[in-house]
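*Asks:* What follows is model_28.txt, made up of compact mmCIF, C-alpha atoms and all ligand atoms:
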```
# COMPACT_ATOMS: atom_id res chain seq x y z
CA MET A 1 63.92 130.24 81.45
CA LYS A 2 63.04 131.24 77.91
CA CYS A 3 63.47 134.62 76.32
CA PRO A 4 60.00 136.15 75.82
CA GLU A 5 61.17 137.67 72.52
CA CYS A 6 63.03 134.83 70.82
CA ASP A 7 61.65 131.82 72.70
CA ILE A 8 65.12 130.37 73.23
CA LYS A 9 66.82 129.44 76.47
CA MET A 10 68.38 132.33 78.34
CA LYS A 11 71.79 132.04 79.94
CA LEU A 12 72.92 133.09 83.33
CA ASP A 13 74.98 136.25 83.22
CA TRP A 14 77.66 135.21 85.64
CA LYS A 15 79.60 138.45 85.29
CA LYS A 16 76.80 140.28 87.08
CA ASP A 17 76.51 140.28 90.82
CA ASN A 18 74.08 137.43 91.23
CA SER A 19 72.82 136.99 94.73
CA LEU A 20 70.61 134.65 96.63
CA THR A 21 67.56 136.67 95.81
CA ASN A 22 68.26 137.65 92.22
CA PHE A 23 69.87 135.98 89.26
CA PHE A 24 70.66 137.87 86.10
CA TYR A 25 69.97 136.20 82.79
CA PHE A 26 70.60 137.22 79.23
CA CYS A 27 69.34 135.98 75.92
CA PRO A 28 72.21 134.99 73.61
CA GLU A 29 70.04 135.84 70.61
CA CYS A 30 68.61 139.32 71.26
CA ASP A 31 70.70 140.23 74.30
CA LEU A 32 67.60 140.88 76.38
CA ARG A 33 68.61 140.93 80.02
CA SER A 34 66.34 139.99 82.79
CA ARG A 35 66.23 139.09 86.36
CA ILE A 36 64.46 136.26 88.06
CA SER A 37 63.78 135.78 91.67
CA ILE A 38 65.11 132.93 93.77
CA GLU A 39 61.64 131.41 94.19
CA ASN A 40 61.28 131.24 90.46
CA PHE A 41 64.71 129.74 90.05
CA LEU A 42 64.24 127.08 92.71
CA ASP A 43 60.83 126.15 91.41
CA GLU A 44 61.41 126.08 87.71
CA GLN A 45 64.99 125.06 87.31
CA LEU A 46 66.34 123.19 90.26
CA HIS A 47 63.19 121.30 91.06
CA GLN A 48 63.07 119.84 87.56
CA LEU A 49 66.74 118.97 87.59
CA LEU A 50 67.14 117.54 91.08
CA GLY A 51 63.66 116.37 91.90
CA ILE A 52 63.77 118.22 95.21
CA LYS A 53 60.79 120.42 96.01
CA ALA A 54 61.43 124.16 96.00
CA HIS A 55 60.27 124.58 99.60
CA LYS A 56 62.75 121.88 100.72
CA LEU A 57 65.58 123.68 98.96
CA GLU A 58 64.49 126.97 100.44
CA GLU A 59 64.35 125.42 103.90
CA GLY A 60 67.86 123.98 103.34
CA ILE A 61 69.14 127.42 102.40
CA LYS A 62 67.48 129.03 105.43
CA LYS A 63 68.93 126.43 107.81
CA GLY A 64 72.39 126.80 106.30
CA ASN A 65 72.48 123.21 104.99
CA ILE A 66 72.82 124.64 101.52
CA LYS A 67 75.18 127.58 101.17
CA PHE A 68 75.43 130.11 98.45
CA TYR A 69 78.88 131.19 97.29
CA HIS A 70 80.58 132.98 94.47
CA SER A 71 83.37 130.71 93.42
CA LEU A 72 85.58 131.53 90.43
CA ASP A 73 83.10 134.32 89.73
CA ILE A 74 80.36 131.77 89.23
CA PRO A 75 77.40 131.57 91.58
CA LYS A 76 77.27 128.24 93.30
CA LEU A 77 75.12 126.28 95.72
CA GLN A 78 76.92 123.84 98.00
CA PHE A 79 75.29 121.10 100.09
CA LYS A 80 76.77 121.06 103.60
CA LYS A 81 74.45 118.19 104.48
CA SER A 82 72.80 115.56 102.35
CA MET A 83 69.25 116.28 101.21
CA GLY A 84 67.07 113.71 99.52
CA LYS A 85 69.28 111.96 97.02
CA MET A 86 71.83 114.76 97.01
CA GLU A 87 74.94 113.78 98.93
CA GLU A 88 76.82 116.14 101.21
CA GLY A 89 79.42 117.89 99.07
CA THR A 90 77.11 118.23 96.07
CA VAL A 91 77.67 121.49 94.24
CA ILE A 92 75.53 123.27 91.71
CA TYR A 93 77.22 125.82 89.50
CA LEU A 94 75.09 128.35 87.75
CA SER A 95 77.38 128.93 84.80
CA ASN A 96 76.17 128.86 81.19
CA ALA A 97 74.14 125.86 82.04
CA ILE A 98 73.25 124.58 85.48
CA GLU A 99 76.00 122.11 86.34
CA VAL A 100 75.32 119.59 89.10
CA ILE A 101 78.37 117.80 90.49
CA ARG A 102 77.19 115.31 93.05
CA GLY A 103 79.02 114.55 96.28
CA PHE A 104 81.11 111.37 96.43
CA PRO A 105 79.01 108.70 98.17
CA LYS A 106 80.14 107.28 101.48
CA ILE A 107 81.72 103.85 101.21
CA ARG A 108 80.63 101.45 103.95
CA ARG A 109 83.16 99.33 105.72
CA THR A 110 83.13 95.64 106.39
CA LEU A 111 84.65 94.57 109.71
CA LEU A 112 84.62 90.90 108.76
CA LEU A 113 85.16 89.69 105.22
CA SER A 114 83.10 86.59 105.59
CA PRO A 115 80.09 86.38 105.51
CA ALA A 116 79.68 90.10 104.76
CA LEU A 117 80.94 89.85 101.18
CA GLU A 118 78.76 86.88 100.27
CA LYS A 119 75.80 88.73 101.74
CA HIS A 120 76.45 92.01 99.98
CA PHE A 121 77.59 91.04 96.48
CA SER A 122 75.89 88.80 93.96
CA ASP A 123 78.18 86.99 91.52
CA TYR A 124 81.54 88.66 90.91
CA VAL A 125 83.61 91.09 92.94
CA ALA A 126 86.38 93.36 91.70
CA ILE A 127 89.15 94.05 94.20
CA GLU A 128 90.77 97.44 93.75
CA GLU A 129 93.49 98.95 95.85
CA LYS A 130 92.35 101.58 98.33
CA MET A 131 94.77 104.48 98.21
CA ASN A 132 95.51 106.62 101.23
CA GLY A 133 95.26 110.24 100.21
CA TYR A 134 92.33 112.60 99.86
CA ASN A 135 89.21 112.41 97.78
CA VAL A 136 89.05 114.72 94.76
CA ARG A 137 86.41 115.26 92.12
CA LEU A 138 87.63 116.73 88.86
CA ALA A 139 85.08 118.31 86.59
CA CYS A 140 84.80 120.98 83.94
CA LEU A 141 82.56 123.99 83.81
CA GLU A 142 81.69 125.67 80.58
CA CYS A 143 81.90 129.39 80.90
CA SER A 144 81.60 131.78 78.04
CA ALA A 145 83.01 135.20 77.99
CA ASP A 146 81.84 137.30 75.03
CA SER A 147 80.68 134.29 73.03
CA LYS A 148 84.06 132.55 73.44
CA LYS A 149 83.74 129.09 74.93
CA ASP A 150 85.99 128.56 77.86
CA LEU A 151 86.44 125.25 79.68
CA LYS A 152 87.36 125.62 83.32
CA ILE A 153 88.67 122.51 85.08
CA ILE A 154 88.15 122.43 88.83
CA ALA A 155 89.16 120.10 91.65
CA LEU A 156 86.62 119.74 94.44
CA THR A 157 87.46 118.37 97.86
CA ARG A 158 85.05 116.11 99.71
CA GLY A 159 82.92 118.96 101.05
CA GLY A 160 82.62 120.59 97.64
CA PHE A 161 85.17 123.40 97.92
CA VAL A 162 87.42 124.22 94.98
CA CYS A 163 90.91 123.64 96.37
CA PRO A 164 93.43 125.94 94.66
CA PHE A 165 96.37 123.60 95.35
CA THR A 166 94.59 120.52 93.97
CA THR A 167 93.12 122.35 90.98
CA LYS A 168 96.59 123.45 89.94
CA LYS A 169 98.44 120.24 90.68
CA ALA A 170 95.91 117.90 89.06
CA GLN A 171 96.40 119.76 85.80
CA GLU A 172 100.16 119.72 86.15
CA LEU A 173 100.12 115.98 86.80
CA MET A 174 97.70 115.00 84.04
CA GLU A 175 96.58 116.16 80.64
CA LEU A 176 92.87 116.62 81.26
CA THR A 177 91.73 119.00 78.56
CA ASP A 178 91.07 116.36 75.90
CA PHE A 179 89.17 114.20 78.34
CA PHE A 180 86.87 117.02 79.39
CA ASN A 181 86.47 118.43 75.89
CA ASP A 182 85.19 115.04 74.80
CA ASN A 183 83.32 114.20 78.03
CA PRO A 184 82.06 117.42 79.64
CA ASN A 185 79.34 115.52 81.49
CA LEU A 186 81.65 113.20 83.36
CA VAL A 187 83.30 113.68 86.73
CA ILE A 188 86.65 112.04 87.50
CA CYS A 189 86.79 110.81 91.11
CA GLY A 190 90.21 109.99 92.41
CA GLU A 191 92.71 110.16 95.23
CA MET A 192 95.50 112.73 95.44
CA ILE A 193 98.39 110.92 97.10
CA GLY A 194 102.03 111.35 98.06
CA THR A 195 104.06 112.98 100.79
CA LYS A 196 103.90 116.61 99.62
CA ASN A 197 100.26 117.51 99.84
CA PRO A 198 98.58 119.52 102.55
CA TYR A 199 95.97 116.96 103.65
CA VAL A 200 97.16 113.34 103.87
CA SER A 201 100.87 112.73 103.60
CA HIS A 202 101.68 109.10 102.78
CA TYR A 203 104.62 107.70 100.89
CA TYR A 204 104.00 105.64 97.76
CA LYS A 205 107.12 104.54 95.99
CA GLU A 206 105.52 104.92 92.56
CA VAL A 207 104.56 108.59 93.09
CA GLY A 208 106.88 110.00 95.78
CA ASP A 209 105.94 113.66 96.28
CA LEU A 210 102.60 113.85 94.57
CA GLY A 211 100.41 111.72 92.32
CA PHE A 212 96.82 111.08 91.34
CA LYS A 213 94.92 107.82 90.89
CA VAL A 214 91.40 107.61 89.54
CA PHE A 215 88.95 105.17 91.12
CA ASP A 216 85.58 106.16 89.65
CA ILE A 217 84.10 108.04 86.73
CA ARG A 218 80.62 109.33 87.40
CA LYS A 219 77.98 111.26 85.51
CA LYS A 220 77.02 114.80 86.40
CA ILE A 221 73.49 115.20 87.80
CA SER A 222 72.75 111.46 88.24
CA ASN A 223 76.08 110.45 89.86
CA HIS A 224 75.86 107.11 87.99
CA PRO A 225 79.27 105.45 87.90
CA LEU A 226 80.66 103.89 84.72
CA THR A 227 81.22 100.14 84.89
CA LEU A 228 84.69 98.99 85.82
CA GLU A 229 85.47 98.05 82.26
CA LYS A 230 84.26 101.32 80.73
CA LYS A 231 86.13 103.31 83.35
CA ARG A 232 89.43 101.55 82.74
CA LYS A 233 89.10 101.74 78.94
CA LEU A 234 88.30 105.43 78.97
CA LEU A 235 91.17 106.25 81.32
CA GLN A 236 93.57 104.23 79.21
CA LYS A 237 92.49 106.13 76.11
CA TYR A 238 93.37 109.47 77.72
CA GLU A 239 96.42 108.11 79.56
CA ILE A 240 95.00 109.04 82.95
CA PRO A 241 96.30 106.86 85.84
CA VAL A 242 93.88 104.45 87.48
CA VAL A 243 94.06 102.56 90.82
CA LYS A 244 95.41 99.03 90.81
CA LEU A 245 92.97 96.20 90.08
CA TYR A 246 93.88 92.98 91.90
CA GLY A 247 91.37 91.06 89.84
CA ILE A 248 87.73 90.09 89.52
CA PHE A 249 86.73 87.01 91.50
CA PRO A 250 83.63 84.89 92.07
CA VAL A 251 82.04 86.11 95.27
CA GLU A 252 82.63 82.86 97.17
CA LYS A 253 86.39 83.13 96.56
CA THR A 254 86.72 86.85 97.37
CA SER A 255 87.17 86.67 101.16
CA GLN A 256 90.01 84.19 100.87
CA LYS A 257 91.65 86.29 98.17
CA ILE A 258 91.51 89.43 100.33
CA LYS A 259 92.92 87.56 103.34
CA GLU A 260 95.94 86.81 101.19
CA ILE A 261 96.19 90.31 99.71
CA ILE A 262 95.64 92.34 102.88
CA LYS A 263 98.72 91.05 104.74
CA GLN A 264 100.94 91.94 101.82
CA VAL A 265 99.20 95.32 101.38
CA GLY A 266 99.91 96.09 105.05
CA GLU A 267 103.53 94.97 104.91
CA GLN A 268 104.11 97.27 101.95
CA GLY A 269 102.82 100.22 103.97
CA ARG A 270 99.69 100.45 101.82
CA GLU A 271 96.18 101.05 103.08
CA GLY A 272 93.69 98.44 101.93
CA VAL A 273 91.17 97.41 99.32
CA VAL A 274 87.80 98.47 97.97
CA MET A 275 85.46 95.74 96.78
CA LYS A 276 83.26 96.69 93.85
CA ASP A 277 80.50 95.19 91.77
CA PRO A 278 82.09 95.19 88.27
CA LYS A 279 78.83 96.60 86.88
CA MET A 280 78.82 99.24 89.64
CA GLU A 281 75.18 98.60 90.41
CA LEU A 282 75.81 97.62 94.06
CA ALA A 283 77.55 99.94 96.50
CA PRO A 284 81.26 99.27 97.07
CA LEU A 285 82.72 98.20 100.44
CA LYS A 286 86.08 98.96 101.99
CA TYR A 287 88.50 96.95 104.11
CA THR A 288 91.83 98.11 105.49
CA SER A 289 95.08 96.61 106.78
CA SER A 290 96.22 96.53 110.39
CA PRO A 291 99.33 98.70 109.82
CA ALA A 292 97.02 101.34 108.31
CA HIS A 293 94.85 101.37 111.45
CA ILE A 294 97.89 101.52 113.68
CA ARG A 295 99.42 104.41 111.71
CA GLU A 296 96.22 106.43 112.01
CA ILE A 297 95.85 105.73 115.73
CA GLU A 298 99.49 106.73 116.23
CA TYR A 299 98.99 109.93 114.28
CA ALA A 300 95.79 110.81 116.13
CA PHE A 301 97.35 110.23 119.57
CA ASN A 302 99.93 112.89 118.79
CA PHE A 303 96.95 115.26 119.05
CA PRO A 304 94.58 113.27 121.26
CA PHE A 305 92.15 116.09 122.02
CA ASP A 306 91.81 117.19 118.42
CA PHE A 307 90.65 113.86 117.09
CA GLY A 308 87.15 112.89 118.01
CA ARG A 309 86.48 109.77 120.02
CA PRO A 310 84.65 108.10 117.08
CA PHE A 311 87.87 108.36 115.03
CA LEU A 312 89.83 106.40 117.60
CA PHE A 313 87.09 104.00 118.63
CA SER A 314 86.34 102.87 115.10
CA ARG A 315 90.00 102.00 114.47
CA VAL A 316 90.26 99.99 117.66
CA ILE A 317 87.09 98.08 116.71
CA ARG A 318 88.58 97.26 113.30
CA GLU A 319 91.57 95.69 115.03
CA GLY A 320 89.34 93.59 117.28
CA PHE A 321 87.40 92.06 114.41
CA GLN A 322 90.51 91.57 112.33
CA ALA A 323 92.17 89.70 115.19
CA TYR A 324 89.12 87.44 115.34
CA GLU A 325 89.12 86.69 111.62
CA LEU A 326 92.77 86.83 110.59
CA ASP A 327 95.04 86.03 113.52
CA ASP A 328 95.77 82.33 113.59
CA SER A 329 98.05 82.04 116.60
CA PRO A 330 98.18 83.45 120.15
CA GLU A 331 101.53 84.99 119.19
CA GLU A 332 99.93 86.96 116.33
CA ILE A 333 97.23 88.25 118.67
CA LYS A 334 99.83 89.30 121.22
CA GLN A 335 101.78 91.21 118.58
CA ARG A 336 98.62 92.99 117.49
CA ALA A 337 97.88 93.96 121.10
CA HIS A 338 101.41 95.34 121.48
CA ARG A 339 101.26 97.36 118.30
CA LEU A 340 97.96 98.89 119.38
CA GLY A 341 99.17 99.75 122.88
CA GLU A 342 102.35 101.34 121.62
CA ALA A 343 100.45 103.36 119.02
CA ILE A 344 98.35 104.86 121.83
CA ILE A 345 100.90 105.48 124.57
CA TYR A 346 104.09 106.56 122.79
CA PRO A 347 102.79 109.48 120.70
CA MET A 348 100.62 110.75 123.56
CA LEU A 349 103.54 110.66 125.97
CA LYS A 350 105.71 112.49 123.45
CA THR A 351 103.15 115.28 123.17
CA ILE A 352 102.67 115.61 126.95
CA LYS A 353 106.45 115.90 127.38
CA LEU A 354 106.68 118.47 124.60
CA ILE A 355 104.00 120.69 126.12
CA ALA A 356 105.51 120.24 129.59
CA GLU A 357 108.71 121.72 128.11
CA GLY A 358 106.73 124.78 127.08
CA LYS A 359 106.59 123.89 123.38
CA THR A 360 103.51 123.71 121.13
CA ALA A 361 102.06 120.61 119.47
CA VAL A 362 102.06 121.37 115.76
CA GLU A 363 102.00 119.48 112.50
CA ASP A 364 104.14 120.65 109.59
CA THR A 365 103.46 119.71 105.98
CA THR A 366 105.49 120.61 102.93
CA ILE A 367 103.97 121.38 99.56
CA LYS A 368 105.56 122.35 96.26
CA VAL A 369 104.67 125.80 95.00
CA ASN A 370 105.78 127.97 92.09
CA ASN A 371 106.03 131.15 94.14
CA LEU A 372 105.22 132.83 97.44
CA ASP A 373 101.85 134.10 96.16
CA GLU A 374 100.71 130.57 95.55
CA ALA A 375 101.75 129.49 99.06
CA GLU A 376 99.98 132.46 100.63
CA GLU A 377 96.85 131.92 98.57
CA PHE A 378 96.70 128.34 99.79
CA VAL A 379 97.17 129.25 103.44
CA ARG A 380 94.39 131.83 103.11
CA TYR A 381 92.21 129.10 101.66
CA LEU A 382 92.94 126.78 104.62
CA GLN A 383 92.19 129.58 107.08
CA ALA A 384 88.93 130.31 105.29
CA MET A 385 88.09 126.62 105.81
CA GLY A 386 88.53 127.17 109.53
CA VAL A 387 91.92 125.42 109.79
CA ASN A 388 94.37 126.96 112.23
CA ALA A 389 97.30 127.13 109.80
CA VAL A 390 100.24 129.46 109.14
CA LEU A 391 102.96 129.65 106.53
CA VAL A 392 106.29 128.96 108.24
CA GLU A 393 108.65 129.17 105.34
CA CYS A 394 108.65 129.36 101.55
CA GLU A 395 111.96 128.64 99.93
CA ASN A 396 113.23 126.93 96.78
CA GLY A 397 109.75 126.07 95.59
CA GLU A 398 108.71 124.42 98.84
CA ALA A 399 106.32 125.86 101.37
CA ILE A 400 106.06 124.59 104.93
CA ILE A 401 102.58 124.92 106.35
CA ARG A 402 102.06 124.56 110.06
CA ARG A 403 98.81 123.41 111.60
CA ILE A 404 98.26 124.11 115.27
CA HIS A 405 96.16 121.59 117.13
CA GLN A 406 94.65 123.96 119.63
CA SER A 407 92.54 121.66 121.82
CA THR A 408 95.48 119.33 122.46
CA ASN A 409 97.68 122.26 123.48
CA ASP A 410 95.03 123.89 125.66
CA LYS A 411 93.83 120.74 127.41
CA ILE A 412 97.27 119.26 128.11
CA THR A 413 98.53 122.63 129.38
CA ASN A 414 95.56 122.78 131.72
CA TYR A 415 96.10 119.23 133.08
CA LEU A 416 99.82 119.89 133.54
CA LYS A 417 98.87 122.87 135.69
CA GLY A 418 96.64 120.67 137.85
CA GLY A 419 93.35 121.01 135.98
CA LEU A 420 90.83 118.20 136.52
CA TYR A 421 89.58 115.85 133.79
P1 LIG A 501 83.94 107.71 103.37
O1 LIG A 501 84.57 108.13 102.09
O2 LIG A 501 83.50 106.30 103.31
O3 LIG A 501 82.90 108.68 103.78
P2 LIG A 501 86.33 108.50 104.75
O4 LIG A 501 86.25 109.88 104.25
O5 LIG A 501 86.79 108.29 106.12
O6 LIG A 501 84.98 107.75 104.55
P3 LIG A 501 88.03 106.43 103.75
O7 LIG A 501 87.83 105.62 104.98
O8 LIG A 501 89.41 106.78 103.34
O9 LIG A 501 87.25 107.78 103.73
O10 LIG A 501 87.37 105.57 102.57
C1 LIG A 501 86.69 106.02 101.45
C2 LIG A 501 87.57 106.84 100.52
O11 LIG A 501 88.61 106.04 99.99
C3 LIG A 501 86.89 107.36 99.28
O12 LIG A 501 86.15 108.51 99.56
C4 LIG A 501 88.07 107.63 98.37
O13 LIG A 501 88.55 108.93 98.57
C5 LIG A 501 89.15 106.69 98.84
N1 LIG A 501 89.57 105.65 97.88
C6 LIG A 501 90.86 105.27 97.71
N2 LIG A 501 90.96 104.29 96.81
C7 LIG A 501 89.70 104.03 96.38
C8 LIG A 501 89.14 103.11 95.44
N3 LIG A 501 89.89 102.24 94.76
N4 LIG A 501 87.81 103.13 95.25
C9 LIG A 501 87.02 103.99 95.94
N5 LIG A 501 87.49 104.87 96.84
C10 LIG A 501 88.81 104.90 97.06
MG MG A 502 91.05 107.83 102.94
```
Output the file's structure in the form of structure tokens.
Ligand code: ATP
Ligand code: MG

*Replies:*
Amino acid sequence: MKCPECDIKMKLDWKKDNSLTNFFYFCPECDLRSRISIENFLDEQLHQLLGIKAHKLEEGIKKGNIKFYHSLDIPKLQFKKSMGKMEEGTVIYLSNAIEVIRGFPKIRRTLLLSPALEKHFSDYVAIEEKMNGYNVRLACLECSADSKKDLKIIALTRGGFVCPFTTKKAQELMELTDFFNDNPNLVICGEMIGTKNPYVSHYYKEVGDLGFKVFDIRKKISNHPLTLEKKRKLLQKYEIPVVKLYGIFPVEKTSQKIKEIIKQVGEQGREGVVMKDPKMELAPLKYTSSPAHIREIEYAFNFPFDFGRPFLFSRVIREGFQAYELDDSPEEIKQRAHRLGEAIIYPMLKTIKLIAEGKTAVEDTTIKVNNLDEAEEFVRYLQAMGVNAVLVECENGEAIIRRIHQSTNDKITNYLKGGLY
């Protein structure tokens, strides 16, 4: 929107109480303040930027597929579901400029390496390690308070929420200011890993408690990824850690290479690999190790009624196809069958016994915090996300957060009392 007096672009006044129906703008030149309506905003600004028709956006807002929030005092639209090209988890900040941070695209899985890889990729395939943590997008927002430029770095989780824990820790772990000062239009996509995080606790010897590994760098608005080479060079320049690259192979050799790598990846307690077109023009594919499937099945069967059936079914299917492609002897197949059976029965039995003794099935995670306020702020954030979590203890810089898996407790209690399935 242009100022009618000075004919220059007006800025959103994010200090004002912007709402879904009204946005407040000011002209940096003559200080004229004005208000535009949501229809105007959707039509003139977002339509041009995203290529989505205003009535579609409006419909999305009405249905609740796009939500409006005030986050960090900045008005924000968040896509709860994908719409057109916009992925779920896309966020649009209405700060000085309109900042579009696209959702991280879903990575499809291959159940069999061959012939899927030959079919999907063209000439060369890069094999990167797949880290087991949680997906984070790091980006900067330019906010100005009283003509002072202020760069705010945020960490978004998969759904597009700003996670206070991750936002703080990412900046403690890495020096990001120079990167974002020089590249405000890029988004760093990476995995937060380690044992002391609230989402996915997994031990990596090279990080221990907490670490971050970048796997993609993408552009704001378009979501175009940088090529593998550009990504690695840029990260090296700013000394930001990147995921391991096993190598780049001709497509016809890739399946064999992964067969060799995946056993070793599994034995080391690591998750798997992601196959990528080095130019990043084709979509990547993922493939994971048997121990990773077993660990997840084991974890989920501790809380069998809180994990959906698709979660469990898909992991069992992965094992079936892997047995077909990778297991060479009847003995190997038998061992796989045993591992799978034990991963289902033992944790479930443990939980049934626990509840029969009158105890509650809970999951405790430890995170590092600087003070009690930080721990409490994070638990409030989890609760706002709909997670049934409480703070158990906060001592010596460590907070224990307890998650209660309600369905598992309720259902098992009911069956123990004679309820029918
Ligand atoms: P999806 O992301 O495909 O929707 P999901 O949430 O279940 O599914 P995963 O099965 O863990 O996630 O697989 C994809 C995720 O793997 C990515 O979203 C990313 O967070 C993570 N990841 C770890 N290492 C890499 C890597 N080298 N390249 C791309 N993604 C990686
Ligand atoms: Mg994962």

*Asks:* To one decimal place in Å, what is the distance between atom CA of A:Ser82 and atom CA of A:Ile61?

*Replies:*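 Pair atom CA of A:Ser82 / atom CA of A:Ile61 returns 12.4 Å.
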
*Asks:* Give me, as JSON lines, each residue of chain A that comes within 12 Å of ligand MG 502 (chain A), together with its shortest interatomic pair and the distance in Å at one decimal, counting all atoms listed in the file, with rows ordered by chain and rising residue number.

*Replies:*
```
{"residue": "A:Lys106", "atom": "CA", "partner": "A:MG502", "partner_atom": "MG", "distance": 11.0}
{"residue": "A:Ile107", "atom": "CA", "partner": "A:MG502", "partner_atom": "MG", "distance": 10.3}
{"residue": "A:Arg109", "atom": "CA", "partner": "A:MG502", "partner_atom": "MG", "distance": 11.9}
{"residue": "A:Glu129", "atom": "CA", "partner": "A:MG502", "partner_atom": "MG", "distance": 11.6}
{"residue": "A:Lys130", "atom": "CA", "partner": "A:MG502", "partner_atom": "MG", "distance": 7.9}
{"residue": "A:Met131", "atom": "CA", "partner": "A:MG502", "partner_atom": "MG", "distance": 6.9}
{"residue": "A:Asn132", "atom": "CA", "partner": "A:MG502", "partner_atom": "MG", "distance": 4.9}
{"residue": "A:Gly133", "atom": "CA", "partner": "A:MG502", "partner_atom": "MG", "distance": 5.6}
{"residue": "A:Tyr134", "atom": "CA", "partner": "A:MG502", "partner_atom": "MG", "distance": 5.8}
{"residue": "A:Asn135", "atom": "CA", "partner": "A:MG502", "partner_atom": "MG", "distance": 7.1}
{"residue": "A:Val136", "atom": "CA", "partner": "A:MG502", "partner_atom": "MG", "distance": 10.9}
{"residue": "A:Arg158", "atom": "CA", "partner": "A:MG502", "partner_atom": "MG", "distance": 10.7}
{"residue": "A:Gly190", "atom": "CA", "partner": "A:MG502", "partner_atom": "MG", "distance": 10.8}
{"residue": "A:Glu191", "atom": "CA", "partner": "A:MG502", "partner_atom": "MG", "distance": 8.2}
{"residue": "A:Met192", "atom": "CA", "partner": "A:MG502", "partner_atom": "MG", "distance": 10.0}
{"residue": "A:Ile193", "atom": "CA", "partner": "A:MG502", "partner_atom": "MG", "distance": 9.9}
{"residue": "A:Tyr199", "atom": "CA", "partner": "A:MG502", "partner_atom": "MG", "distance": 10.4}
{"residue": "A:Val200", "atom": "CA", "partner": "A:MG502", "partner_atom": "MG", "distance": 8.3}
{"residue": "A:Ser201", "atom": "CA", "partner": "A:MG502", "partner_atom": "MG", "distance": 11.0}
{"residue": "A:His202", "atom": "CA", "partner": "A:MG502", "partner_atom": "MG", "distance": 10.7}
{"residue": "A:Arg270", "atom": "CA", "partner": "A:MG502", "partner_atom": "MG", "distance": 11.4}
{"residue": "A:Glu271", "atom": "CA", "partner": "A:MG502", "partner_atom": "MG", "distance": 8.5}
{"residue": "A:Gly272", "atom": "CA", "partner": "A:MG502", "partner_atom": "MG", "distance": 9.8}
{"residue": "A:Val273", "atom": "CA", "partner": "A:MG502", "partner_atom": "MG", "distance": 11.0}
{"residue": "A:Val274", "atom": "CA", "partner": "A:MG502", "partner_atom": "MG", "distance": 11.1}
{"residue": "A:Lys286", "atom": "CA", "partner": "A:MG502", "partner_atom": "MG", "distance": 10.2}
{"residue": "A:Tyr287", "atom": "CA", "partner": "A:MG502", "partner_atom": "MG", "distance": 11.2}
{"residue": "A:Thr288", "atom": "CA", "partner": "A:MG502", "partner_atom": "MG", "distance": 10.1}
{"residue": "A:Ala292", "atom": "CA", "partner": "A:MG502", "partner_atom": "MG", "distance": 10.3}
{"residue": "A:His293", "atom": "CA", "partner": "A:MG502", "partner_atom": "MG", "distance": 11.3}
{"residue": "A:Glu296", "atom": "CA", "partner": "A:MG502", "partner_atom": "MG", "distance": 10.5}
```

*Asks:* If I take atom CA of A:Ile248 and atom CA of A:Leu113, how far is one from the other in Å, to one decimal?

*Replies:*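 Computed distance, atom CA of A:Ile248 to atom CA of A:Leu113, equals 15.9 Å.
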
*Asks:* Which of these, A:Leu112, A:Ala343, A:Cys394, A:Ile400, has the shortest distance to A:Asp364 once you count only C-alpha atoms?

*Replies:*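 Selected residue with least distance to A:Asp364: A:Ile400.
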
*Asks:* Rounded to one decimal, what separation in Å do you get between atom CA of A:Thr227 and atom CA of A:Leu173?

*Replies:* 24.7 Å

*Asks:* Give, as AutoDock Vina command-line options, the centre coordinates and the x, y and z edge lengths in Å to one decimal for an axis-aligned box around all listed atoms of ligand LIG 501 (chain A), padded by 6 Å on each side.

*Replies:*
```
--center_x 86.9 --center_y 106.1 --center_z 100.4 --size_x 20.1 --size_y 19.6 --size_z 23.4
```

*Asks:* Tell me, as a ChimeraX atom specification, which residues lie within 12 Å of A:Glu342, counting only C-alpha atoms; anything in the same chain fewer than 6 positions away does not count.

*Replies:* /A:294-295,297-299,301,335-336,348-350

*Asks:* Nearest residue to A:Glu376 out of A:Leu354, A:Ile401, A:Ile92, A:Ala170, using only C-alpha atoms?

*Replies:*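 Checking each candidate against A:Glu376, we get A:Ile401 as the closest.
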